[in-house]
file model_13.txt (compact mmCIF, C-alpha atoms)
# COMPACT_ATOMS: atom_id res chain seq x y z
CA MET A 1 -7.76 6.49 -29.65
CA SER A 2 -8.74 7.86 -33.05
CA ASP A 3 -6.59 10.05 -35.30
CA ALA A 4 -8.94 12.96 -34.62
CA GLU A 5 -8.37 12.60 -30.87
CA ILE A 6 -4.59 12.44 -31.34
CA ASP A 7 -4.80 15.57 -33.50
CA ARG A 8 -6.78 17.42 -30.87
CA LEU A 9 -4.38 16.39 -28.10
CA GLU A 10 -1.37 17.56 -30.13
CA ARG A 11 -3.11 20.86 -30.83
CA VAL A 12 -4.03 21.47 -27.19
CA VAL A 13 -0.53 20.56 -25.96
CA GLY A 14 1.08 22.70 -28.68
CA LEU A 15 -1.07 25.68 -27.68
CA VAL A 16 -0.24 25.31 -23.98
CA LEU A 17 3.50 25.10 -24.74
CA LYS A 18 3.38 28.06 -27.10
CA ALA A 19 1.42 30.26 -24.68
CA GLY A 20 3.72 29.30 -21.79
CA SER A 21 6.99 29.84 -23.64
CA VAL A 22 5.93 33.17 -25.17
CA THR A 23 4.60 34.49 -21.84
CA SER A 24 7.58 33.32 -19.77
CA THR A 25 10.13 34.70 -22.26
CA ALA A 26 8.40 38.10 -22.33
CA VAL A 27 8.06 38.31 -18.53
CA LEU A 28 11.66 37.12 -17.93
CA ALA A 29 12.99 39.70 -20.43
CA LEU A 30 10.94 42.49 -18.82
CA GLY A 31 12.03 41.50 -15.31
CA LEU A 32 15.70 41.21 -16.25
CA LEU A 33 15.77 44.54 -18.11
CA LEU A 34 14.05 46.32 -15.19
CA THR A 35 16.43 44.69 -12.68
CA LEU A 36 19.43 45.88 -14.69
CA ALA A 37 18.06 49.35 -15.48
CA ILE A 38 16.73 50.23 -12.01
CA PRO A 39 18.51 48.01 -9.42
CA SER A 40 16.66 49.68 -6.54
CA PHE A 41 13.24 48.85 -8.03
CA ALA A 42 12.05 45.91 -5.91
CA PRO A 43 9.10 44.77 -8.09
CA ALA A 44 11.58 44.01 -10.90
CA GLN A 45 12.81 40.92 -9.04
CA THR A 46 9.25 39.79 -8.40
CA ILE A 47 8.53 40.07 -12.12
CA THR A 48 11.60 37.93 -12.96
CA ARG A 49 10.49 35.39 -10.36
CA VAL A 50 6.99 35.26 -11.90
CA GLY A 51 8.59 34.71 -15.33
CA LEU A 52 10.61 31.81 -13.92
CA PHE A 53 7.49 30.26 -12.41
CA VAL A 54 5.57 30.56 -15.68
CA LEU A 55 8.52 28.79 -17.36
CA LEU A 56 8.52 25.98 -14.76
CA LEU A 57 4.74 25.62 -14.86
CA THR A 58 4.53 25.37 -18.67
CA PRO A 59 5.45 21.65 -18.90
CA VAL A 60 3.32 21.00 -15.79
CA SER A 61 0.32 22.64 -17.50
CA ARG A 62 0.70 20.49 -20.57
CA VAL A 63 0.75 17.37 -18.36
CA VAL A 64 -2.46 18.59 -16.68
CA ALA A 65 -3.98 19.23 -20.13
CA SER A 66 -3.03 15.67 -21.20
CA VAL A 67 -4.60 14.13 -18.08
CA VAL A 68 -7.83 16.01 -18.88
CA GLU A 69 -7.80 15.03 -22.57
CA TYR A 70 -7.05 11.34 -21.96
CA THR A 71 -9.74 11.18 -19.28
CA ARG A 72 -12.20 12.82 -21.66
CA ASP A 73 -11.36 10.21 -24.30
CA ARG A 74 -11.71 7.43 -21.67
CA ASP A 75 -8.19 6.30 -22.49
CA TRP A 76 -7.57 5.11 -18.95
CA LEU A 77 -4.08 3.67 -19.44
CA PHE A 78 -2.65 6.96 -20.66
CA ALA A 79 -4.74 8.97 -18.20
CA ALA A 80 -3.06 6.91 -15.46
CA ALA A 81 0.43 7.36 -16.97
CA THR A 82 0.08 11.14 -17.24
CA PHE A 83 -1.41 11.27 -13.76
CA ALA A 84 1.63 9.38 -12.43
CA VAL A 85 3.90 11.99 -14.04
CA LEU A 86 1.85 14.73 -12.38
CA ALA A 87 2.20 12.97 -9.02
CA ILE A 88 5.99 12.79 -9.40
CA ILE A 89 6.14 16.53 -10.23
CA LEU A 90 4.05 17.23 -7.13
CA GLY A 91 6.57 15.10 -5.22
CA SER A 92 9.39 17.40 -6.32
CA LEU A 93 7.26 20.37 -5.17
CA LEU A 94 6.55 18.68 -1.85
CA ILE A 95 10.28 18.33 -1.17
CA GLY A 96 10.43 22.11 -1.11
CA VAL A 97 7.43 22.46 1.18
CA LEU A 98 8.82 19.89 3.62
CA ARG A 99 12.21 21.58 3.83
CA MET B 1 26.01 35.94 -7.36
CA PRO B 2 24.31 39.35 -7.78
CA ILE B 3 23.36 40.21 -11.34
CA SER B 4 25.18 43.05 -13.11
CA PRO B 5 24.86 44.19 -16.73
CA LEU B 6 28.23 42.57 -17.49
CA LEU B 7 27.26 39.23 -15.91
CA ALA B 8 23.88 39.33 -17.69
CA LEU B 9 25.67 39.91 -21.00
CA ALA B 10 28.13 37.06 -20.34
CA LEU B 11 25.25 34.69 -19.43
CA PHE B 12 23.30 35.73 -22.51
CA LEU B 13 26.29 35.22 -24.83
CA MET B 14 27.22 31.84 -23.33
CA GLY B 15 23.57 30.82 -23.54
CA SER B 16 23.51 31.86 -27.20
CA VAL B 17 26.62 29.85 -28.09
CA ALA B 18 25.28 26.81 -26.21
CA GLY B 19 21.91 27.26 -27.95
CA VAL B 20 23.51 27.39 -31.42
CA LEU B 21 25.64 24.30 -30.75
CA GLY B 22 22.71 22.47 -29.19
CA ALA B 23 20.37 23.18 -32.10
CA LEU B 24 23.02 22.21 -34.68
CA LEU B 25 23.68 18.88 -32.98
CA GLY B 26 20.19 18.06 -31.83
CA LEU B 27 21.35 18.09 -28.21
CA GLY B 28 20.16 20.48 -25.56
CA GLY B 29 22.62 23.27 -24.89
CA GLY B 30 23.15 22.09 -21.32
CA VAL B 31 26.16 19.94 -22.09
CA PHE B 32 27.96 23.15 -23.15
CA LEU B 33 26.29 25.59 -20.76
CA VAL B 34 27.29 23.89 -17.50
CA PRO B 35 31.05 23.86 -18.33
CA PHE B 36 30.87 27.49 -19.53
CA PHE B 37 29.33 28.56 -16.22
CA VAL B 38 31.67 26.50 -14.05
CA LEU B 39 34.94 27.01 -15.93
CA VAL B 40 34.55 30.61 -17.16
CA LEU B 41 32.21 32.28 -14.66
CA HIS B 42 33.37 30.14 -11.69
CA MET B 43 29.73 29.53 -10.84
CA PRO B 44 29.14 26.88 -8.14
CA MET B 45 28.43 23.50 -9.81
CA HIS B 46 24.96 23.03 -8.28
CA MET B 47 23.91 26.51 -9.36
CA ALA B 48 25.18 25.89 -12.91
CA VAL B 49 23.14 22.67 -13.07
CA GLY B 50 19.98 24.35 -11.73
CA ILE B 51 20.24 27.28 -14.16
CA SER B 52 20.98 24.93 -17.04
CA LEU B 53 17.82 22.92 -16.24
CA THR B 54 15.68 26.07 -16.66
CA THR B 55 17.14 26.57 -20.16
CA VAL B 56 16.34 22.92 -20.98
CA ILE B 57 12.69 23.57 -20.08
CA ALA B 58 12.60 26.66 -22.33
CA THR B 59 14.17 24.81 -25.27
CA SER B 60 11.81 21.85 -24.90
CA SER B 61 8.69 24.05 -24.76
CA VAL B 62 9.68 26.11 -27.79
CA VAL B 63 10.78 23.13 -29.92
CA SER B 64 7.71 21.02 -29.05
CA ALA B 65 5.30 23.93 -29.64
CA GLY B 66 6.84 24.05 -33.14
CA THR B 67 6.62 20.32 -33.90
CA ALA B 68 3.15 19.78 -32.37
CA GLY B 69 0.57 18.89 -34.99
CA ARG B 70 3.08 17.28 -37.36
CA HIS B 71 2.82 13.84 -35.70
CA LEU B 72 6.62 13.73 -35.51
CA MET B 73 6.63 13.49 -31.75
CA ASN B 74 4.93 10.41 -30.44
CA MET B 75 2.97 11.74 -27.49
CA ARG B 76 1.70 8.41 -26.24
CA LEU B 77 5.20 6.94 -26.22
CA GLY B 78 6.55 10.18 -24.72
CA MET B 79 4.04 10.26 -21.91
CA THR B 80 4.64 6.59 -21.12
CA LEU B 81 8.42 7.07 -20.96
CA GLU B 82 7.98 10.28 -18.96
CA VAL B 83 6.83 8.20 -16.00
CA ALA B 84 10.38 6.78 -16.01
CA THR B 85 12.25 10.02 -16.82
CA THR B 86 10.48 12.03 -14.10
CA ALA B 87 10.99 9.24 -11.55
CA GLY B 88 14.68 9.23 -12.53
CA ALA B 89 14.80 13.01 -12.29
CA LEU B 90 13.30 12.95 -8.80
CA ALA B 91 15.83 10.33 -7.66
CA GLY B 92 18.72 12.11 -9.39
CA GLY B 93 17.73 15.48 -7.96
CA ILE B 94 17.54 14.16 -4.40
CA VAL B 95 20.90 12.41 -4.78
CA ALA B 96 22.51 15.48 -6.42
CA THR B 97 21.81 17.67 -3.39
CA THR B 98 23.85 15.25 -1.25
CA LEU B 99 26.81 15.00 -3.65
CA SER B 100 29.80 17.35 -3.64
CA ALA B 101 30.45 19.69 -6.57
CA ARG B 102 33.61 17.66 -7.22
CA THR B 103 31.68 14.39 -7.63
CA LEU B 104 29.18 16.05 -9.96
CA GLN B 105 32.02 17.49 -12.06
CA GLY B 106 33.64 14.06 -12.33
CA LEU B 107 30.31 12.56 -13.42
CA PHE B 108 29.94 15.36 -15.93
CA GLY B 109 33.34 14.48 -17.38
CA ILE B 110 32.34 10.83 -17.76
CA VAL B 111 29.01 11.63 -19.43
CA THR B 112 30.57 14.11 -21.90
CA VAL B 113 33.23 11.56 -22.94
CA ALA B 114 30.46 9.01 -23.49
CA THR B 115 28.46 11.59 -25.47
CA ALA B 116 31.44 12.28 -27.73
CA VAL B 117 32.02 8.56 -28.31
CA VAL B 118 28.35 7.97 -29.17
CA MET B 119 28.52 10.89 -31.59
CA LEU B 120 31.63 9.49 -33.29
CA THR B 121 30.12 6.02 -33.70
CA ARG B 122 27.05 7.51 -35.38
CA LEU B 123 28.87 9.70 -37.92
CA GLU B 124 27.61 7.84 -40.97
CA ARG B 125 24.13 7.35 -39.59
CA ARG B 126 21.56 9.14 -41.69
CA ASN B 127 18.38 10.57 -40.32
CA VAL B 128 16.21 8.85 -42.89
CA ARG B 129 15.29 5.27 -42.15
CA PRO B 130 14.11 2.88 -44.83
CA ILE B 131 10.52 1.87 -44.36
CA ASP B 132 9.85 -1.77 -43.70
CA GLY B 133 6.53 -2.83 -45.06
CA GLY B 134 3.69 -4.29 -43.09
CA THR B 135 4.56 -2.69 -39.76
CA HIS B 136 1.72 -2.60 -37.28
CA LEU B 137 1.43 0.44 -35.10
CA GLY B 138 0.55 -1.37 -31.93
CA ARG B 139 -0.54 0.60 -28.92
CA LEU B 140 2.48 2.94 -28.84
CA GLY B 141 3.51 3.05 -32.48
CA GLY B 142 3.22 6.07 -34.69
CA ARG B 143 3.35 7.36 -38.21
CA PHE B 144 4.53 10.60 -39.75
CA TYR B 145 5.08 12.06 -43.17
CA GLU B 146 8.72 12.35 -44.15
CA ALA B 147 9.49 15.09 -46.64
CA GLU B 148 12.86 13.60 -47.81
CA SER B 149 11.42 10.35 -49.07
CA GLY B 150 7.93 11.70 -49.68
CA CYS B 151 6.59 8.68 -47.81
CA GLU B 152 4.65 8.04 -44.69
CA VAL B 153 6.88 6.33 -42.13
CA VAL B 154 5.04 3.78 -39.99
CA TYR B 155 6.65 2.17 -36.96
CA SER B 156 5.82 0.15 -33.90
CA VAL B 157 7.62 0.30 -30.57
CA ARG B 158 9.60 -2.75 -29.54
CA ARG B 159 11.23 -3.63 -26.22
CA LEU B 160 9.43 -1.00 -24.15
CA PRO B 161 11.10 -2.07 -20.85
CA LEU B 162 14.51 -1.19 -22.33
CA GLY B 163 13.12 2.20 -23.39
CA LEU B 164 11.77 2.76 -19.87
CA ALA B 165 15.13 1.80 -18.30
CA ALA B 166 17.07 4.15 -20.61
CA SER B 167 14.55 6.90 -19.82
CA PHE B 168 15.02 6.44 -16.07
CA VAL B 169 18.80 6.75 -16.48
CA ALA B 170 18.36 9.78 -18.76
CA GLY B 171 16.10 11.42 -16.17
CA SER B 172 18.62 10.93 -13.35
CA VAL B 173 21.47 12.23 -15.51
CA SER B 174 19.32 15.26 -16.37
CA SER B 175 18.89 16.22 -12.72
CA LEU B 176 22.47 15.38 -11.75
CA LEU B 177 24.16 17.28 -14.56
CA GLY B 178 21.70 19.88 -15.87
CA VAL B 179 21.32 18.35 -19.32
CA GLY B 180 18.23 17.18 -21.18
CA GLY B 181 19.26 13.55 -21.46
CA GLY B 182 18.41 13.23 -25.15
CA ILE B 183 21.89 11.85 -25.80
CA ILE B 184 20.87 8.70 -23.87
CA LYS B 185 17.24 8.42 -24.96
CA VAL B 186 17.52 9.10 -28.69
CA PRO B 187 20.06 6.33 -29.52
CA ALA B 188 18.26 3.92 -27.16
CA LEU B 189 14.83 4.54 -28.69
CA ASN B 190 16.29 4.31 -32.17
CA ALA B 191 18.49 1.23 -31.78
CA TRP B 192 16.53 -0.78 -29.16
CA CYS B 193 12.92 0.23 -29.61
CA GLY B 194 12.84 0.71 -33.39
CA VAL B 195 11.66 4.33 -33.31
CA PRO B 196 12.87 6.28 -36.39
CA LEU B 197 15.56 8.82 -35.50
CA ARG B 198 13.45 11.89 -36.28
CA ALA B 199 10.51 10.67 -34.22
CA ALA B 200 12.89 9.65 -31.41
CA ALA B 201 14.50 13.12 -31.38
CA ALA B 202 11.15 14.96 -31.45
CA THR B 203 9.72 12.71 -28.72
CA SER B 204 12.82 13.17 -26.58
CA ALA B 205 12.70 16.97 -27.01
CA PHE B 206 9.07 16.82 -25.86
CA MET B 207 9.95 14.78 -22.75
CA ILE B 208 12.95 16.79 -21.51
CA GLY B 209 10.79 19.78 -20.48
CA VAL B 210 8.82 17.85 -17.88
CA THR B 211 11.93 15.93 -16.82
CA ALA B 212 13.99 19.10 -16.29
CA THR B 213 11.08 20.70 -14.39
CA VAL B 214 11.31 18.04 -11.68
CA GLY B 215 15.06 18.70 -11.30
CA ALA B 216 14.64 22.48 -11.53
CA PHE B 217 12.10 22.51 -8.67
CA ILE B 218 14.52 20.59 -6.45
CA TYR B 219 17.42 22.95 -7.21
CA PHE B 220 15.09 25.92 -6.84
CA TRP B 221 14.08 24.90 -3.31
CA HIS B 222 17.77 24.61 -2.45
CA GLY B 223 18.24 28.24 -3.55
CA GLN B 224 20.37 27.32 -6.56
CA VAL B 225 18.14 28.86 -9.24
CA VAL B 226 18.52 32.64 -9.04
CA PRO B 227 15.69 34.11 -11.19
CA SER B 228 17.67 36.95 -12.81
CA ILE B 229 20.61 34.66 -13.68
CA ALA B 230 18.22 32.06 -15.09
CA ALA B 231 16.46 34.80 -17.09
CA ALA B 232 19.66 35.92 -18.85
CA ALA B 233 20.71 32.33 -19.63
CA VAL B 234 17.24 31.30 -20.87
CA LEU B 235 16.97 34.31 -23.19
CA GLY B 236 20.45 33.58 -24.57
CA VAL B 237 19.73 29.90 -25.21
CA LEU B 238 16.43 30.71 -26.95
CA ALA B 239 18.11 33.29 -29.20
CA GLY B 240 20.98 30.89 -29.92
CA SER B 241 18.85 27.87 -30.76
CA ARG B 242 16.77 30.00 -33.13
CA ALA B 243 19.98 30.99 -34.95
CA GLY B 244 21.22 27.39 -34.79
CA PHE B 245 18.14 26.05 -36.55
CA ALA B 246 18.60 28.65 -39.30
CA ILE B 247 22.26 27.62 -39.81
CA GLY B 248 21.50 23.94 -39.33
CA ALA B 249 19.58 23.69 -42.57
CA ARG B 250 22.81 24.36 -44.50
CA ALA B 251 25.60 22.87 -42.39
CA ARG B 252 27.21 19.48 -43.09
CA ALA B 253 26.19 17.15 -40.30
CA LYS B 254 29.26 14.91 -40.43
CA TRP B 255 31.83 17.69 -39.94
CA LEU B 256 29.67 19.27 -37.30
CA LYS B 257 29.59 16.06 -35.33
CA LEU B 258 33.37 15.62 -35.64
CA LEU B 259 33.95 19.18 -34.48
CA MET B 260 31.59 18.78 -31.54
CA ALA B 261 33.03 15.46 -30.47
CA GLY B 262 36.38 17.29 -30.29
CA VAL B 263 34.84 20.10 -28.24
CA LEU B 264 33.22 17.59 -25.89
CA PHE B 265 36.55 15.79 -25.29
CA VAL B 266 38.11 19.14 -24.33
CA VAL B 267 35.15 20.07 -22.09
CA SER B 268 35.29 16.67 -20.44
CA GLY B 269 39.04 16.96 -19.82
CA LEU B 270 38.58 20.39 -18.25
CA MET B 271 35.76 19.17 -15.99
CA PHE B 272 37.88 16.21 -14.86
CA MET B 273 40.73 18.59 -14.06
CA ARG B 274 38.36 20.80 -12.11
CA ALA B 275 37.04 17.74 -10.26
CA VAL B 276 40.47 16.57 -9.08
CA SER B 277 42.08 19.99 -8.49
call {"tool": "encode", "arguments": {"input": "model_13.txt", "output": "structure tokens"}}
result
Amino acid sequence: MSDAEIDRLERVVGLVLKAGSVTSTAVLALGLLLTLAIPSFAPAQTITRVGLFVLLLTPVSRVVASVVEYTRDRDWLFAAATFAVLAIILGSLLIGVLR
Amino acid sequence: MPISPLLALALFLMGSVAGVLGALLGLGGGVFLVPFFVLVLHMPMHMAVGISLTTVIATSSVVSAGTAGRHLMNMRLGMTLEVATTAGALAGGIVATTLSARTLQGLFGIVTVATAVVMLTRLERRNVRPIDGGTHLGRLGGRFYEAESGCEVVYSVRRLPLGLAASFVAGSVSSLLGVGGGIIKVPALNAWCGVPLRAAAATSAFMIGVTATVGAFIYFWHGQVVPSIAAAAVLGVLAGSRAGFAIGARARAKWLKLLMAGVLFVVSGLMFMRAVS
């Protein structure tokens, strides 16, 4: 893997993490403030829940982005490693579905 | 636990304090957050762990978004070790749901004592590592520019199986106790695998987000992660760690570590007492 490819991967991953953390923080703050200000307002809890999911999906998205990048670079060893991580995360999701 | 303005404020403040301490010490805030929740708010242990894991994810994402592009975190090493941390987190999360709060609190006490001891033994350790010449990067090695010495640090990764084993343990501990697990990975990567401390810390911070996500999903499905409670804690930790990084540039690391080791001994004692009471 060349330095240019490593640079691009770091940039892509950095962007995904930044977008996810900014979005989730904003949505969580909005949801929490609405929940506190207007307790009877049902959508407020949905907004908080969406914020939580964006937070949880941020690291998952950067793993997906890495799988894509490594596959694109034909770096099969690391494509396989990141894919294994993705499979384990899906396993933790599956536990919930099976319950 | 229904959310009220007072509870939200308490969660935010505790999150902030944990975030400041975490940023100053290079730990996640979880090791402080879980005892705060359990001892002060009387939150059920499993809920405290689940909520704490969501703050670990937030910290990891924010810190790694900041260090990305500086080559400090070693993504190839990180993604290799993540196979072990996430597997550990899955195992730890499944086991945690079968353990009693009391057992988890006892485990927490043990891990915090160990954390304090590790911190005390590394008091004189400096973050800057002398550069040995002629190092080959190998498949997992890395290089980064170090401002202190004005040099490029080049390193290779040795004893990968030990790194993988430590990562698996760190992942299980993360899910069991709601911490990031950096306290296990960073010394292991540094001492056993030859990764410079800064690179080890940045790589660990990168890995804990994915690791904590696996645990957080498991606690979430068991109804232990209440979104509004998580929201208040996450916002507090993010605000606190921001402040912590600003203070951290000026504080004396040695006294900080001594102070925190003291705090950890107290926290550990309290969690043991809670476990046996």
call {"tool": "atom_distance", "arguments": {"input": "model_13.txt", "atom1": "atom CA of B:Phe37", "atom2": "atom CA of B:Thr121"}}
result
28.5 Å
call {"tool": "atom_distance", "arguments": {"input": "model_13.txt", "atom1": "atom CA of B:Leu160", "atom2": "atom CA of B:Gly180"}}
result
20.4 Å
call {"tool": "closest_atom_pairs", "arguments": {"input": "model_13.txt", "of": "stretch 84-122 of chain B", "to": "stretch 23-29 of chain B", "cutoff": "12 Å", "atoms": "only C-alpha atoms", "output": "Markdown table"}}
result
| residue | atom | partner | partner_atom | distance |
| --- | --- | --- | --- | --- |
| B:Thr112 | CA | B:Leu27 | CA | 11.9 |
| B:Thr115 | CA | B:Leu27 | CA | 10.0 |
| B:Ala116 | CA | B:Leu25 | CA | 11.5 |
| B:Met119 | CA | B:Leu25 | CA | 9.4 |
call {"tool": "write_last_selection", "arguments": {"input": "model_13.txt", "atoms": "C-alpha atoms", "output": "mmCIF file, in the coordinates of the input"}}
result
data_model
loop_
_atom_site.group_PDB
_atom_site.id
_atom_site.type_symbol
_atom_site.label_atom_id
_atom_site.label_comp_id
_atom_site.auth_asym_id
_atom_site.auth_seq_id
_atom_site.Cartn_x
_atom_site.Cartn_y
_atom_site.Cartn_z
ATOM 1 C CA THR B 112 30.570 14.110 -21.900
ATOM 2 C CA THR B 115 28.460 11.590 -25.470
ATOM 3 C CA ALA B 116 31.440 12.280 -27.730
ATOM 4 C CA MET B 119 28.520 10.890 -31.590
#
call {"tool": "atom_distance", "arguments": {"input": "model_13.txt", "atom1": "atom CA of B:Phe265", "atom2": "atom CA of B:Gly106"}}
result
13.4 Å
call {"tool": "closest_atom_pairs", "arguments": {"input": "model_13.txt", "of": "chain B", "to": "chain A", "cutoff": "6 Å", "atoms": "only C-alpha atoms", "output": "tab-separated table"}}
result
residue	atom	partner	partner_atom	distance
B:Ser61	CA	A:Leu17	CA	5.3
B:Ala65	CA	A:Gly14	CA	4.5
B:Ala68	CA	A:Gly14	CA	5.1
B:Gly69	CA	A:Glu10	CA	5.4
B:Thr80	CA	A:Ala81	CA	6.0
B:Val83	CA	A:Val85	CA	5.2
B:Gly209	CA	A:Pro59	CA	5.9
B:Val210	CA	A:Pro59	CA	5.2
B:Thr213	CA	A:Leu56	CA	5.9
B:Val214	CA	A:Ile89	CA	5.6
B:Trp221	CA	A:Gly96	CA	5.1
B:Pro227	CA	A:Arg49	CA	5.4
B:Ser228	CA	A:Leu32	CA	5.8
B:Ala231	CA	A:Leu28	CA	5.4
call {"tool": "closest_residue", "arguments": {"input": "model_13.txt", "among": "B:Met14, B:Ala230, B:Val63, B:Val56", "to": "B:Gly181", "atoms": "all atoms listed in the file"}}
result
B:Val56
call {"tool": "axis_aligned_box", "arguments": {"input": "model_13.txt", "around": "stretch 188-193 of chain B", "padding_each_side": "8 Å", "output": "JSON"}}
result
{"center_x": 15.7, "center_y": 1.9, "center_z": -29.7, "size_x": 21.6, "size_y": 21.3, "size_z": 21.0}
call {"tool": "residues_around", "arguments": {"input": "model_13.txt", "residues": "B:Pro187", "least_positions_apart": "3", "cutoff": "10 Å", "atoms": "all atoms listed in the file", "output": "ChimeraX atom specification"}}
result
/B:118-119,122,166,182-184,190-197,200-201
call {"tool": "residues_near_point", "arguments": {"input": "model_13.txt", "point": "(21.7, 19.3, -15.5)", "cutoff": "6 Å", "atoms": "all atoms listed in the file", "output": "list in words"}}
result
Val49, Ser52, Leu53, Ser174, Ser175, Leu176, Leu177, Gly178 and Val179 of chain B
call {"tool": "residues_near_point", "arguments": {"input": "model_13.txt", "point": "(23.5, 28.4, -36.9)", "cutoff": "6 Å", "atoms": "all atoms listed in the file", "output": "PyMOL selection string"}}
result
chain B and resi 20+243-248
